[in-house]
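Novice: Just work00.txt, nothing more (compact mmCIF, C-alpha atoms):
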# COMPACT_ATOMS: atom_id res chain seq x y z
CA MET Y 31 110.14 301.93 -18.50
CA ARG Y 32 112.37 298.84 -18.26
CA ASN Y 33 114.16 299.87 -21.46
CA ASN Y 34 114.85 303.32 -19.99
CA LYS Y 35 116.46 301.71 -16.97
CA HIS Y 36 118.68 299.58 -19.19
CA VAL Y 37 119.68 302.54 -21.35
CA ARG Y 38 120.56 304.58 -18.24
CA ARG Y 39 122.71 301.74 -16.89
CA LEU Y 40 124.43 301.34 -20.24
CA MET Y 41 125.16 305.07 -20.39
CA ALA Y 42 126.53 305.01 -16.84
CA ALA Y 43 128.78 302.06 -17.68
CA LEU Y 44 130.04 303.79 -20.83
CA LEU Y 45 130.74 307.02 -18.93
CA ALA Y 46 132.61 305.07 -16.25
CA LEU Y 47 134.73 303.30 -18.87
CA ILE Y 48 135.55 306.59 -20.62
CA LEU Y 49 136.52 308.12 -17.25
CA ILE Y 50 138.75 305.16 -16.33
CA PHE Y 51 140.51 305.03 -19.72
CA GLY Y 52 140.88 308.83 -19.66
CA THR Y 53 142.57 308.64 -16.27
CA MET Y 54 144.84 305.82 -17.43
CA THR Y 55 145.84 307.76 -20.55
CA ALA Y 56 146.50 310.94 -18.56
CA THR Y 57 148.68 309.15 -16.00
CA SER Y 58 150.46 306.67 -18.27
CA ARG Y 59 153.27 308.98 -19.40
CA GLY Y 60 156.16 309.00 -16.92
CA ARG Y 61 154.49 310.59 -13.90
CA GLU Y 62 157.00 312.00 -11.39
CA ASP Y 63 154.81 314.28 -9.31
CA VAL Y 64 152.84 312.54 -6.62
CA THR Y 65 149.33 313.88 -5.98
CA ILE Y 66 148.22 315.11 -2.56
CA VAL Y 67 145.94 312.07 -2.17
CA GLU Y 68 148.82 309.67 -2.91
CA LYS Y 69 151.07 311.57 -0.46
CA ALA Y 70 148.36 311.44 2.21
CA ILE Y 71 147.81 307.68 1.80
CA ALA Y 72 151.56 307.00 1.84
CA THR Y 73 151.96 309.12 5.00
CA VAL Y 74 149.09 307.32 6.74
CA LEU Y 75 150.50 303.91 5.77
CA TYR Y 76 154.06 304.78 6.87
CA PRO Y 77 153.67 303.97 10.63
CA PHE Y 78 151.89 300.69 9.78
CA GLN Y 79 154.70 299.74 7.40
CA LEU Y 80 157.33 300.61 10.01
CA ALA Y 81 155.56 298.56 12.68
CA THR Y 82 155.12 295.57 10.36
CA ASN Y 83 158.73 295.79 9.29
CA PHE Y 84 159.83 295.87 12.94
CA VAL Y 85 157.82 292.75 13.80
CA ALA Y 86 158.81 290.94 10.60
CA THR Y 87 162.49 291.71 11.16
CA ARG Y 88 162.35 290.19 14.66
CA PHE Y 89 160.64 287.02 13.41
CA ARG Y 90 162.90 286.78 10.42
CA GLY Y 91 165.92 287.23 12.70
CA VAL Y 92 165.02 284.19 14.82
CA GLY Y 93 164.32 282.02 11.78
CA THR Y 94 167.46 283.16 10.01
CA THR Y 95 169.65 282.45 13.04
CA VAL Y 96 168.45 278.85 13.27
CA LYS Y 97 168.88 278.36 9.54
CA GLU Y 98 172.32 279.95 9.52
CA LEU Y 99 173.63 277.80 12.36
CA THR Y 100 172.90 274.65 10.37
CA GLN Y 101 174.71 276.05 7.36
CA LEU Y 102 177.71 277.49 9.19
CA ARG Y 103 179.83 274.36 9.01
CA ALA Y 104 179.51 273.95 5.26
CA ASP Y 105 179.93 277.67 4.71
CA ASN Y 106 183.11 277.70 6.78
CA ALA Y 107 184.81 275.15 4.54
CA THR Y 108 183.71 277.00 1.42
CA LEU Y 109 184.88 280.30 2.84
CA ARG Y 110 188.35 278.97 3.60
CA GLU Y 111 188.73 278.03 -0.05
CA ARG Y 112 187.41 281.39 -1.10
CA VAL Y 113 189.83 283.25 1.19
CA GLN Y 114 192.72 281.58 -0.56
CA ALA Y 115 191.28 282.49 -3.94
CA ALA Y 116 190.58 286.02 -2.73
CA GLU Y 117 194.18 286.49 -1.64
CA GLN Y 118 195.33 285.64 -5.12
CA LEU Y 119 192.72 287.97 -6.59
CA GLU Y 120 193.77 290.75 -4.22
CA ALA Y 121 197.34 290.55 -5.44
CA ARG Y 122 196.14 290.64 -9.03
CA ASN Y 123 193.79 293.51 -8.15
CA GLN Y 124 196.61 295.60 -6.71
CA GLN Y 125 198.58 295.07 -9.86
CA LEU Y 126 195.61 296.18 -11.95
CA VAL Y 127 195.02 299.26 -9.76
CA GLN Y 128 198.61 300.35 -10.29
CA GLU Y 129 198.31 299.75 -14.01
CA ASN Y 130 195.02 301.61 -14.11
CA GLN Y 131 196.47 304.55 -12.18
CA ALA Y 132 199.37 304.77 -14.59
CA LEU Y 133 197.03 304.75 -17.59
CA ARG Y 134 194.81 307.40 -16.01
CA ASN Y 135 197.77 309.66 -15.42
CA GLU Y 136 198.89 309.07 -18.93
CA LEU Y 137 195.55 310.05 -20.36
CA ASN Y 138 195.34 312.97 -17.92
CA MET Y 139 191.96 311.76 -16.70
CA LYS Y 140 190.57 313.17 -13.51
CA GLN Y 141 189.91 310.93 -10.58
CA ARG Y 142 186.22 310.26 -10.20
CA ASP Y 143 184.55 311.88 -7.25
CA GLU Y 144 182.82 309.68 -4.77
CA HIS Y 145 179.04 309.96 -4.98
CA ALA Y 146 177.14 311.25 -2.01
CA LEU Y 147 175.19 308.25 -0.74
CA LEU Y 148 172.19 308.16 1.57
CA THR Y 149 171.84 304.83 3.36
CA SER Y 150 168.21 303.76 3.61
CA GLN Y 151 166.29 300.82 4.97
CA VAL Y 152 163.81 298.87 2.88
CA ILE Y 153 160.57 299.00 4.85
CA SER Y 154 158.16 297.42 2.41
CA ARG Y 155 157.87 295.73 -0.93
CA THR Y 156 155.33 296.18 -3.66
CA SER Y 157 151.90 294.74 -3.00
CA ASP Y 158 151.31 294.14 -6.69
CA ASN Y 159 152.63 291.08 -8.50
CA TRP Y 160 153.08 293.00 -11.76
CA TYR Y 161 155.51 295.49 -10.28
CA ARG Y 162 158.91 295.08 -8.69
CA THR Y 163 159.31 298.01 -6.34
CA VAL Y 164 160.39 298.55 -2.74
CA LEU Y 165 159.64 301.33 -0.28
CA ILE Y 166 162.54 302.96 1.59
CA ASN Y 167 162.44 305.03 4.76
CA HIS Y 168 163.77 308.28 3.27
CA GLY Y 169 161.83 310.79 1.22
CA SER Y 170 161.89 314.35 -0.06
CA ARG Y 171 162.72 315.68 3.42
CA ASP Y 172 166.01 313.80 3.23
CA GLY Y 173 166.86 315.12 -0.21
CA VAL Y 174 165.65 312.15 -2.25
CA GLN Y 175 164.32 313.07 -5.68
CA PRO Y 176 162.73 311.07 -8.51
CA ASN Y 177 165.10 309.28 -10.91
CA MET Y 178 167.99 309.10 -8.43
CA ALA Y 179 169.94 305.85 -8.70
CA VAL Y 180 169.72 303.33 -5.88
CA VAL Y 181 172.58 300.88 -5.27
CA ASN Y 182 173.82 298.34 -2.78
CA TRP Y 183 177.14 296.56 -2.40
CA GLN Y 184 176.29 294.19 -5.24
CA GLY Y 185 175.44 296.83 -7.85
CA LEU Y 186 172.54 298.81 -9.27
CA VAL Y 187 169.29 298.16 -7.43
CA GLY Y 188 167.01 300.54 -9.34
CA LYS Y 189 165.89 304.13 -9.44
CA VAL Y 190 163.61 306.31 -7.34
CA SER Y 191 160.25 306.44 -9.10
CA SER Y 192 158.23 308.55 -6.68
CA VAL Y 193 158.84 310.44 -3.49
CA THR Y 194 156.70 311.40 -0.50
CA PRO Y 195 157.96 313.45 2.47
CA TYR Y 196 159.00 310.40 4.51
CA THR Y 197 159.26 307.53 2.02
CA SER Y 198 160.36 306.84 -1.54
CA THR Y 199 159.38 304.14 -3.98
CA VAL Y 200 162.31 302.45 -5.70
CA GLN Y 201 161.65 300.86 -9.06
CA LEU Y 202 163.93 297.82 -9.28
CA VAL Y 203 165.99 296.98 -12.37
CA ILE Y 204 163.77 293.90 -12.85
CA ASP Y 205 160.60 296.05 -13.05
CA ALA Y 206 159.14 296.30 -16.55
CA GLY Y 207 158.86 300.09 -16.36
CA PHE Y 208 162.49 300.61 -15.37
CA GLY Y 209 163.74 301.72 -18.78
CA GLN Y 210 160.73 303.85 -19.60
CA GLY Y 211 160.46 307.60 -19.46
CA GLY Y 212 163.53 308.36 -21.55
CA PHE Y 213 166.81 306.45 -21.36
CA GLY Y 214 166.28 305.15 -17.83
CA ALA Y 215 169.57 303.27 -17.80
CA GLY Y 216 172.09 303.59 -20.56
CA SER Y 217 174.40 300.59 -20.40
CA LYS Y 218 177.74 299.44 -21.74
CA LEU Y 219 179.87 296.35 -22.03
CA PRO Y 220 183.60 296.17 -21.22
CA SER Y 221 184.17 296.17 -25.00
CA GLY Y 222 182.68 299.67 -25.10
CA ASP Y 223 179.48 298.72 -26.94
CA LEU Y 224 176.67 300.95 -25.75
CA GLY Y 225 173.00 300.17 -25.30
CA ILE Y 226 170.04 300.60 -23.02
CA ILE Y 227 168.47 298.42 -20.38
CA ASP Y 228 164.95 297.33 -21.26
CA THR Y 229 163.13 295.10 -18.82
CA VAL Y 230 160.31 293.01 -20.22
CA GLN Y 231 157.20 292.12 -18.21
CA GLY Y 232 157.91 288.65 -16.86
CA GLY Y 233 161.21 289.54 -15.26
CA HIS Y 234 163.70 289.42 -18.14
CA VAL Y 235 166.32 292.17 -18.06
CA ARG Y 236 167.64 292.86 -21.54
CA MET Y 237 170.29 295.10 -23.00
CA LYS Y 238 169.55 296.46 -26.47
CA PHE Y 239 172.39 297.83 -28.55
CA PHE Y 240 172.85 300.91 -30.69
CA ILE Y 241 174.96 298.90 -33.16
CA SER Y 242 173.94 295.79 -35.09
CA GLU Y 243 176.96 293.55 -34.32
CA PRO Y 244 178.02 293.98 -30.70
CA THR Y 245 181.00 292.12 -29.24
CA VAL Y 246 179.45 290.01 -26.50
CA GLU Y 247 180.51 287.04 -24.41
CA VAL Y 248 178.47 285.20 -21.83
CA GLY Y 249 179.49 286.22 -18.33
CA GLN Y 250 180.67 289.69 -19.27
CA PRO Y 251 179.70 292.40 -16.77
CA VAL Y 252 177.23 295.10 -17.84
CA PHE Y 253 177.64 298.59 -16.41
CA THR Y 254 175.66 301.81 -16.60
CA SER Y 255 177.10 304.07 -19.26
CA GLY Y 256 176.25 307.41 -17.70
CA GLN Y 257 174.01 308.24 -20.60
CA GLY Y 258 170.52 308.96 -19.32
CA GLU Y 259 169.47 309.19 -15.70
CA MET Y 260 171.91 306.78 -14.05
CA PRO Y 261 175.47 307.61 -12.95
CA ALA Y 262 178.21 305.80 -14.86
CA ASP Y 263 179.99 302.55 -14.00
CA LEU Y 264 177.39 300.99 -11.71
CA LEU Y 265 177.33 297.22 -12.14
CA ILE Y 266 173.94 296.15 -13.53
CA GLY Y 267 174.62 292.44 -14.00
CA TYR Y 268 176.22 289.85 -16.21
CA VAL Y 269 175.51 288.67 -19.74
CA ALA Y 270 173.47 285.45 -19.51
CA GLY Y 271 172.86 284.84 -23.21
CA MET Y 272 171.98 286.39 -26.53
CA GLY Y 273 168.68 286.72 -28.34
CA SER Y 274 166.93 288.66 -31.05
CA SER Y 275 163.48 290.14 -31.41
CA GLU Y 276 161.24 288.10 -33.74
CA ALA Y 277 159.57 291.18 -35.14
CA SER Y 278 162.53 293.49 -35.78
CA GLN Y 279 165.44 290.98 -35.73
CA GLU Y 280 167.03 293.42 -33.30
CA LYS Y 281 169.79 291.76 -31.23
CA PHE Y 282 169.82 291.95 -27.46
CA VAL Y 283 171.49 290.19 -24.57
CA ASN Y 284 169.76 288.78 -21.53
CA VAL Y 285 171.28 290.21 -18.38
CA ARG Y 286 171.41 288.36 -15.07
CA PRO Y 287 171.15 291.12 -12.46
CA ALA Y 288 174.07 291.42 -10.04
CA VAL Y 289 171.81 292.25 -7.12
CA ASP Y 290 169.94 289.59 -5.16
CA PHE Y 291 166.53 291.26 -5.04
CA ASN Y 292 165.19 288.76 -2.52
CA LYS Y 293 167.62 290.01 0.11
CA LEU Y 294 167.21 293.77 -0.04
CA ASP Y 295 167.40 295.20 3.45
CA VAL Y 296 169.71 298.19 3.13
CA VAL Y 297 170.23 300.28 0.00
CA HIS Y 298 172.00 303.54 -0.82
CA VAL Y 299 170.46 306.42 -2.75
CA VAL Y 300 172.95 308.23 -4.97
CA LEU Y 301 172.06 311.77 -3.99
CA GLN Y 302 173.99 313.66 -6.62
CA ALA Y 303 174.85 312.72 -10.16
CA THR Y 304 177.94 314.57 -11.27
CA ASP Y 305 178.58 316.00 -14.73
CA LYS Y 306 180.91 313.09 -15.34
CA ASP Y 307 178.03 310.71 -14.91
CA ARG Y 308 176.05 312.32 -17.66
CA GLY Y 309 177.86 310.83 -20.59
CA ALA Y 310 181.28 312.37 -20.29
CA ASN Y 311 182.69 309.22 -18.73
CA ALA Y 312 181.15 306.84 -21.23
CA PRO Y 313 183.61 305.14 -23.57
CA MET O 154 122.91 295.80 4.90
CA ARG O 155 125.61 296.85 7.33
CA TYR O 156 127.62 299.01 4.92
CA TRP O 157 129.99 300.42 7.55
CA THR O 158 131.10 296.94 8.54
CA LEU O 159 131.60 296.02 4.88
CA ALA O 160 133.62 299.23 4.39
CA GLY O 161 135.69 298.39 7.46
CA ILE O 162 136.50 294.92 6.10
CA LEU O 163 137.46 296.48 2.76
CA LEU O 164 139.74 298.97 4.52
CA LEU O 165 141.31 296.17 6.54
CA ALA O 166 141.93 294.26 3.30
CA PHE O 167 143.59 297.38 1.85
CA LEU O 168 145.84 297.68 4.91
CA LEU O 169 146.78 294.01 4.69
CA GLN O 170 147.39 294.37 0.97
CA SER O 171 149.58 297.44 1.25
CA VAL O 172 151.46 296.60 4.46
CA VAL O 173 151.46 292.86 5.13
CA SER O 174 151.07 291.11 1.77
CA SER O 175 154.74 291.51 0.80
CA TYR O 176 155.73 289.51 3.88
CA LEU O 177 153.42 286.68 2.82
CA ALA O 178 155.00 286.36 -0.62
CA ILE O 179 155.70 282.82 -1.82
CA GLY O 180 158.31 282.73 -4.56
CA GLY O 181 157.85 286.45 -5.11
CA ILE O 182 154.08 286.16 -5.52
CA THR O 183 151.96 288.16 -3.09
CA PRO O 184 148.34 287.44 -2.17
CA ASP O 185 145.70 289.89 -3.38
CA PHE O 186 143.53 290.53 -0.31
CA LEU O 187 141.45 293.23 -1.98
CA LEU O 188 140.56 291.10 -4.99
CA VAL O 189 139.52 288.27 -2.70
CA VAL O 190 137.25 290.58 -0.69
CA VAL O 191 135.78 292.06 -3.88
CA VAL O 192 134.96 288.57 -5.24
CA THR O 193 133.47 287.56 -1.89
CA TYR O 194 131.34 290.73 -1.67
CA GLY O 195 130.07 290.18 -5.20
CA LEU O 196 129.16 286.53 -4.62
CA LEU O 197 127.47 287.20 -1.28
CA PHE O 198 125.91 290.65 -1.57
CA GLY O 199 125.28 291.25 -5.27
CA TRP O 200 126.67 293.39 -8.07
CA GLU O 201 126.12 296.81 -6.47
CA VAL O 202 128.29 295.95 -3.47
CA GLY O 203 130.81 294.03 -5.63
CA LEU O 204 131.18 296.89 -8.09
CA ALA O 205 131.46 299.57 -5.39
CA ALA O 206 134.04 297.54 -3.45
CA GLY O 207 135.98 296.87 -6.68
CA VAL O 208 136.09 300.51 -7.72
CA ILE O 209 136.99 301.89 -4.26
CA GLY O 210 139.53 299.15 -3.52
CA GLY O 211 141.02 299.43 -7.01
CA LEU O 212 141.42 303.19 -6.68
CA LEU O 213 143.16 302.83 -3.31
CA ILE O 214 145.60 300.27 -4.72
CA ASP O 215 146.20 302.39 -7.84
CA LEU O 216 147.16 305.31 -5.60
CA ILE O 217 149.87 303.37 -3.75
CA THR O 218 151.40 301.47 -6.68
CA PRO O 219 153.51 303.04 -9.42
CA ASP O 220 152.53 303.60 -13.05
CA PHE O 221 149.20 304.71 -14.46
CA ILE O 222 146.04 305.08 -12.38
CA GLY O 223 142.88 303.18 -13.28
CA ARG O 224 144.00 299.66 -14.11
CA HIS O 225 142.94 298.22 -10.77
CA VAL O 226 139.72 300.27 -10.78
CA LEU O 227 138.86 298.62 -14.08
CA SER O 228 139.97 295.09 -13.20
CA TYR O 229 138.51 294.96 -9.67
CA GLY O 230 135.39 296.79 -10.83
CA VAL O 231 134.72 294.28 -13.61
CA VAL O 232 135.44 291.32 -11.32
CA GLY O 233 133.18 292.74 -8.59
CA LEU O 234 130.41 293.42 -11.09
CA VAL O 235 130.55 290.00 -12.77
CA SER O 236 130.84 288.04 -9.53
CA GLY O 237 127.92 290.09 -8.20
CA MET O 238 125.82 289.21 -11.23
CA MET O 239 126.36 285.56 -10.31
CA GLU O 240 124.98 286.15 -6.80
CA GLY O 241 121.40 285.13 -7.57
CA ARG O 242 122.43 282.14 -9.70
CA VAL O 243 124.65 280.24 -7.25
CA PHE O 244 124.24 278.52 -3.90
CA LYS O 245 126.19 280.54 -1.38
CA ASP O 246 127.01 277.51 0.75
CA ASN O 247 128.40 275.50 -2.16
CA LEU O 248 131.93 274.41 -1.24
CA LEU O 249 133.22 274.98 -4.77
CA LEU O 250 131.92 278.54 -5.03
CA ALA O 251 134.79 280.24 -3.18
CA PRO O 252 137.73 278.47 -4.90
CA VAL O 253 136.20 278.68 -8.37
CA GLY O 254 135.19 282.31 -7.83
CA GLY O 255 138.64 283.20 -6.49
CA LEU O 256 140.45 281.45 -9.33
CA ILE O 257 138.34 282.92 -12.13
CA GLY O 258 138.29 286.34 -10.48
CA SER O 259 142.07 286.41 -10.08
CA VAL O 260 142.75 285.23 -13.64
CA ALA O 261 140.23 287.73 -15.06
CA SER O 262 141.59 290.60 -12.98
CA GLN O 263 145.18 289.91 -14.04
CA LEU O 264 144.24 289.49 -17.69
CA ILE O 265 142.57 292.91 -17.60
CA ILE O 266 145.72 294.41 -16.07
CA VAL O 267 147.89 292.76 -18.74
CA PHE O 268 145.48 294.10 -21.37
CA CYS O 269 145.96 297.60 -19.90
CA PHE O 270 149.75 297.13 -20.09
CA TRP O 271 149.47 296.12 -23.73
CA LEU O 272 147.09 298.98 -24.47
CA PHE O 273 149.50 301.56 -23.06
CA GLY O 274 152.56 300.23 -24.86
CA ARG O 275 154.20 298.18 -22.11
CA GLU O 276 156.07 295.20 -23.49
CA VAL O 277 154.72 291.91 -22.12
CA ASP O 278 156.30 288.46 -22.41
CA PRO O 279 153.08 286.38 -22.47
CA ILE O 280 154.62 283.00 -21.61
CA GLY O 281 156.83 284.40 -18.84
CA ALA O 282 153.96 286.46 -17.40
CA LEU O 283 151.62 283.46 -17.46
CA ARG O 284 154.11 281.05 -15.91
CA LYS O 285 155.83 283.35 -13.41
CA THR O 286 153.01 285.62 -12.30
CA LEU O 287 149.48 284.93 -13.48
CA LEU O 288 149.06 281.25 -12.66
CA PRO O 289 150.89 281.21 -9.29
CA ALA O 290 149.06 284.37 -8.20
CA ALA O 291 145.70 282.89 -9.24
CA LEU O 292 146.35 279.75 -7.20
CA TYR O 293 147.40 281.82 -4.19
CA ASP O 294 144.29 284.00 -4.50
CA MET O 295 142.12 280.89 -4.84
CA ALA O 296 143.43 279.50 -1.55
CA LEU O 297 142.96 282.86 0.14
CA THR O 298 139.40 283.19 -1.16
CA ILE O 299 138.45 279.92 0.55
CA LEU O 300 139.59 281.37 3.89
CA VAL O 301 138.11 284.85 3.46
CA TYR O 302 134.81 283.69 1.95
CA SER O 303 134.15 281.20 4.75
CA ARG O 304 134.94 283.86 7.39
CA ILE O 305 132.62 286.46 5.87
CA TYR O 306 129.89 283.93 5.04
CA LYS O 307 129.82 282.92 8.71
CA TYR O 308 128.55 286.42 9.52
CA TYR O 309 126.31 286.68 6.46
CA LEU O 310 123.10 287.16 8.42
CA TYR O 311 124.73 289.80 10.59
CA LEU O 312 126.05 291.69 7.57
CA LYS O 313 122.82 291.35 5.59
CA PRO O 314 119.94 290.91 8.02
CA ASP O 315 116.68 289.60 6.61
CA PRO O 316 114.30 292.61 6.33
CA ARG O 317 111.39 290.37 7.44
CA GLY O 318 113.07 289.69 10.78
CA THR O 319 114.37 286.48 12.30
CA ILE O 320 112.27 283.49 13.37
CA VAL O 321 113.53 281.95 16.60
CA ILE O 322 112.41 278.37 17.26
CA ARG O 323 112.59 277.30 20.87
CA ARG O 324 112.31 273.78 22.18
CA GLN O 325 109.58 273.40 24.81
Show how you would write the structure in this file as C-alpha cells.
Specialist:
Amino acid sequence: MRNNKHVRRLMAALLALILIFGTMTATSRGREDVTIVEKAIATVLYPFQLATNFVATRFRGVGTTVKELTQLRADNATLRERVQAAEQLEARNQQLVQENQALRNELNMKQRDEHALLTSQVISRTSDNWYRTVLINHGSRDGVQPNMAVVNWQGLVGKVSSVTPYTSTVQLVIDAGFGQGGFGAGSKLPSGDLGIIDTVQGGHVRMKFFISEPTVEVGQPVFTSGQGEMPADLLIGYVAGMGSSEASQEKFVNVRPAVDFNKLDVVHVVLQATDKDRGANAP
Amino acid sequence: MRYWTLAGILLLAFLLQSVVSSYLAIGGITPDFLLVVVVTYGLLFGWEVGLAAGVIGGLLIDLITPDFIGRHVLSYGVVGLVSGMMEGRVFKDNLLLAPVGGLIGSVASQLIIVFCFWLFGREVDPIGALRKTLLPAALYDMALTILVYSRIYKYYLYLKPDPRGTIVIRRQ
C-alpha cells in the first residue's frame, strides 16, 4: 500500500518534469507571438506599472534635485571646459560634413532617409536578475512590432522582443538573448570589418568577426551594419579590449555599450527599417 | 489552512515582483519576492503548499518575463518542495531558519535557472554570473526572507489553525 503511494508520487513527479521540459523546449526557439494569457497578464499589470512609475518618478525627482544641486558647482566648471572643446570639435565637424557631402556626391550615393521614430517612456524594468529588459508604454496599437530597433540619444538601446496592445518589452543590448534568433545585430567597425553582437550571460557584450584577423583598436566605435534585424549605423558602443574563445580560438572584442542603461527614461522605437538598412548600406 | 489568504499573499508577492521590484534594485540586482514567499510557505506549511506556491508563482513569472516558459516553474517548484520537506525537521521559531532557508533557496533556484540556460544552448559566463548576479541576489533574497518569514510566522496560527481548537488560559 505504502509502496503504491510512493510509485504514484514518483510517476506524478516524472510526468511533471516531462511537462515542464516539454514546455521549455517548445518555447525556447525565438518566440515572437505572445499568448493570450501573457497578453492578459500584461494588460492587467499595466495600470499598476503606470501608477508605480508615477510615484517613483515623483520620489526620484525630489532626490535627484537635491543631489544635482550639490553637484552643480563642479559640473559647471567641467562644462565650461567642455564647451570650449566642443566649439573646436564643432568646427572640425563642419569640415568633415562638407568633406563627407563631397564624397557622397562623388560616389553618387543617396542621402539616407530619416527613420520614423516613436518616442516612448520606460515604465518598468525586468523583475528577473537574469534578464536585462525594460517595458515601454507603447504596444501593437501604436505600430510597434517585434524585432524593431530601440534607440536613445546615446545609441542602440536594444530591440523589441514582445508586444502587447499597450506595452512592449525591449530586450537591451546587454541581455544575453539579444543576438539570438538569427543575426540580431550585425555590427561593423570603422575599418569596415563586419561581425555580429553576441552578449554573454554575465553582462559582457562581445563582437565576433567573420574574418580571422580584424583591424581593431581600443576605443573604436562599433556600429550596426544593417545586416540582420537592426537598421544600419546605430552606435552600439566602443571597443574595450580584445579576447579569444578558449574552445575555438575565435577572436572577439569586448564592447563597452554607448548607452547608460541605468538611466533609461525615454527611448525611441525605430518604426520602419528601410531597404538601405538591410545590408545595402553596409561597407 | 486558510488557502485563500495564502493565495492572496502569493498574488501580492507576484504584484510586488512584477511592478515594484525593479525600483528596489541595488546595483542592478532585484529582490525575488516570489521565491522568498515560496521558501517561507514551504518551511511553515509543508511541501504541498510549498510546491503549489512554487509552481503557480513560477508560471506567473514565466509568463511576464521573456525567453522560454518553465524555468521558474521548475526552480521555484523544486525550492518549494525541498523547503517543504524540511518543515517537519526544523524549529519554526529558530532565528537562523529564515536567513539560511532564503540563502540556500535563492542559490538553488538560480542554479536551476542557469542549468536551464545551459541546457537550452544559452552561453553563460560562470564567473561573471556568480559574481555579478547569483551571489548578490542570494544575499538580497536572504535579507528579504528574514522580513517576510517573520511577518508570515507572526500570523501562523491564523493561517494554519490547530484542528483541535485553541486553549485559552485565563488568570483568576
Novice: Hey, can you check how far atom CA of Thr65 of chain Y sits from atom CA of Gln257 of chain Y?
Specialist: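 The value is 29.2 Å.
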Novice: What are the nearest atom pairs, with distances in Å to one decimal, for all residues of chain O that come at most 8 Å from chain Y, using only C-alpha atoms, set out by chain and rising residue number as a tab-separated table?
Specialist:
residue	atom	partner	partner_atom	distance
O:Leu168	CA	Y:Leu75	CA	7.8
O:Gln170	CA	Y:Ser157	CA	6.0
O:Ser171	CA	Y:Ser157	CA	5.5
O:Val172	CA	Y:Gln79	CA	5.4
O:Val173	CA	Y:Thr82	CA	6.9
O:Ser174	CA	Y:Ser157	CA	6.1
O:Ser175	CA	Y:Arg155	CA	5.5
O:Tyr176	CA	Y:Ala86	CA	7.5
O:Gly181	CA	Y:Asn159	CA	7.8
O:Ile182	CA	Y:Asn159	CA	5.9
O:Thr183	CA	Y:Asn159	CA	6.2
O:Asp185	CA	Y:Asp158	CA	7.8
O:Leu216	CA	Y:Glu68	CA	5.4
O:Ile217	CA	Y:Glu68	CA	6.4
O:Thr218	CA	Y:Thr156	CA	7.2
O:Pro219	CA	Y:Ser191	CA	7.6
O:Asp220	CA	Y:Ser58	CA	6.4
O:Phe221	CA	Y:Ser58	CA	4.5
O:Ile222	CA	Y:Met54	CA	5.2
O:Gly223	CA	Y:Met54	CA	5.3
O:Arg224	CA	Y:Met54	CA	7.0
O:Val226	CA	Y:Ile50	CA	7.5
O:Leu227	CA	Y:Ile50	CA	6.9
O:Phe273	CA	Y:Ser58	CA	7.1
O:Arg275	CA	Y:Gly207	CA	7.6
O:Glu276	CA	Y:Val230	CA	5.8
O:Val277	CA	Y:Gln231	CA	4.6
O:Asp278	CA	Y:Gln231	CA	5.6
O:Pro279	CA	Y:Gly232	CA	7.7
O:Gly281	CA	Y:Gly232	CA	4.8
O:Ala282	CA	Y:Gly232	CA	4.5
O:Lys285	CA	Y:Gly232	CA	6.7
O:Thr286	CA	Y:Asn159	CA	6.7
O:Ala290	CA	Y:Asn159	CA	7.6
Novice: What separation in Å, quoted to one decimal, exists between atom CA of Pro289 of chain O and atom CA of Gly273 of chain Y?
Specialist: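 Calculated distance between atom CA of Pro289 of chain O and atom CA of Gly273 of chain Y is 26.6 Å.
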Novice: If you count only C-alpha atoms, which residues fall within 7 Å of Ser170 of chain Y, apart from same-chain ones fewer than 6 positions away, as a list in words?
Specialist: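 Final neighbour list, sorted by chain and number: Val193, Thr194, Pro195 and Tyr196 of chain Y.
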Novice: Take the residues just selected and output them with C-alpha atoms as a compact mmCIF listing (two decimals), keeping the file's coordinate frame.
Specialist:
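Result written to selection29.txt:
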# COMPACT_ATOMS: atom_id res chain seq x y z
CA VAL Y 193 158.84 310.44 -3.49
CA THR Y 194 156.70 311.40 -0.50
CA PRO Y 195 157.96 313.45 2.47
CA TYR Y 196 159.00 310.40 4.51
Novice: For Asn247 of chain O, which residue out of O:Val301, O:Leu163, O:Leu212, O:Leu196 is the nearest one, using all atoms listed in the file?
Specialist: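 Residue with the minimum atom-to-atom distance to Asn247 of chain O: O:Leu196.
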Novice: Please compute the atom CA of Ala215 of chain Y-atom CA of Asn130 of chain Y distance, one decimal, in Å.
Specialist: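 It comes out at 25.8 Å.
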Novice: With only C-alpha atoms as the atoms that count, which of Y:Leu186, Y:Val181, Y:Leu126, Y:Val152 lies nearest to Phe84 of chain Y?
Specialist: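 Of Y:Leu186, Y:Val181, Y:Leu126, Y:Val152, the one nearest Phe84 of chain Y is Y:Val152, counting only C-alpha atoms.
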Novice: Which residues come within 7 Å of Thr197 of chain Y, counting all atoms listed in the file, excluding same-chain residues fewer than 4 positions away, as a ChimeraX atom specification?
Specialist: /Y:165-169,193
Novice: The residues within 9 Å of (175.9, 302.0, -8.1), using all atoms listed in the file and the coordinates of the file, should be reported as a ChimeraX atom specification; which are they?
Specialist: /Y:179-187,254,260-266,298-300
Novice: Place a sphere of radius 12 Å on (134.9, 282.7, -12.9) in the file coordinates and name every protein, DNA or RNA residue with an atom inside or on its surface, counting all atoms listed in the file; give the answer as an NGL selection string.
Specialist: :O and (192 or 195-196 or 231-239 or 243 or 249-262 or 291 or 295)
Novice: Specify the axis-aligned box that encloses all atoms of segment 253-266 of chain O listed in the file after padding of 3 Å on each side, stating its centre and edge lengths in Å to one decimal as JSON.
Specialist:
{"center_x": 140.5, "center_y": 286.5, "center_z": -12.1, "size_x": 16.5, "size_y": 21.7, "size_z": 17.2}
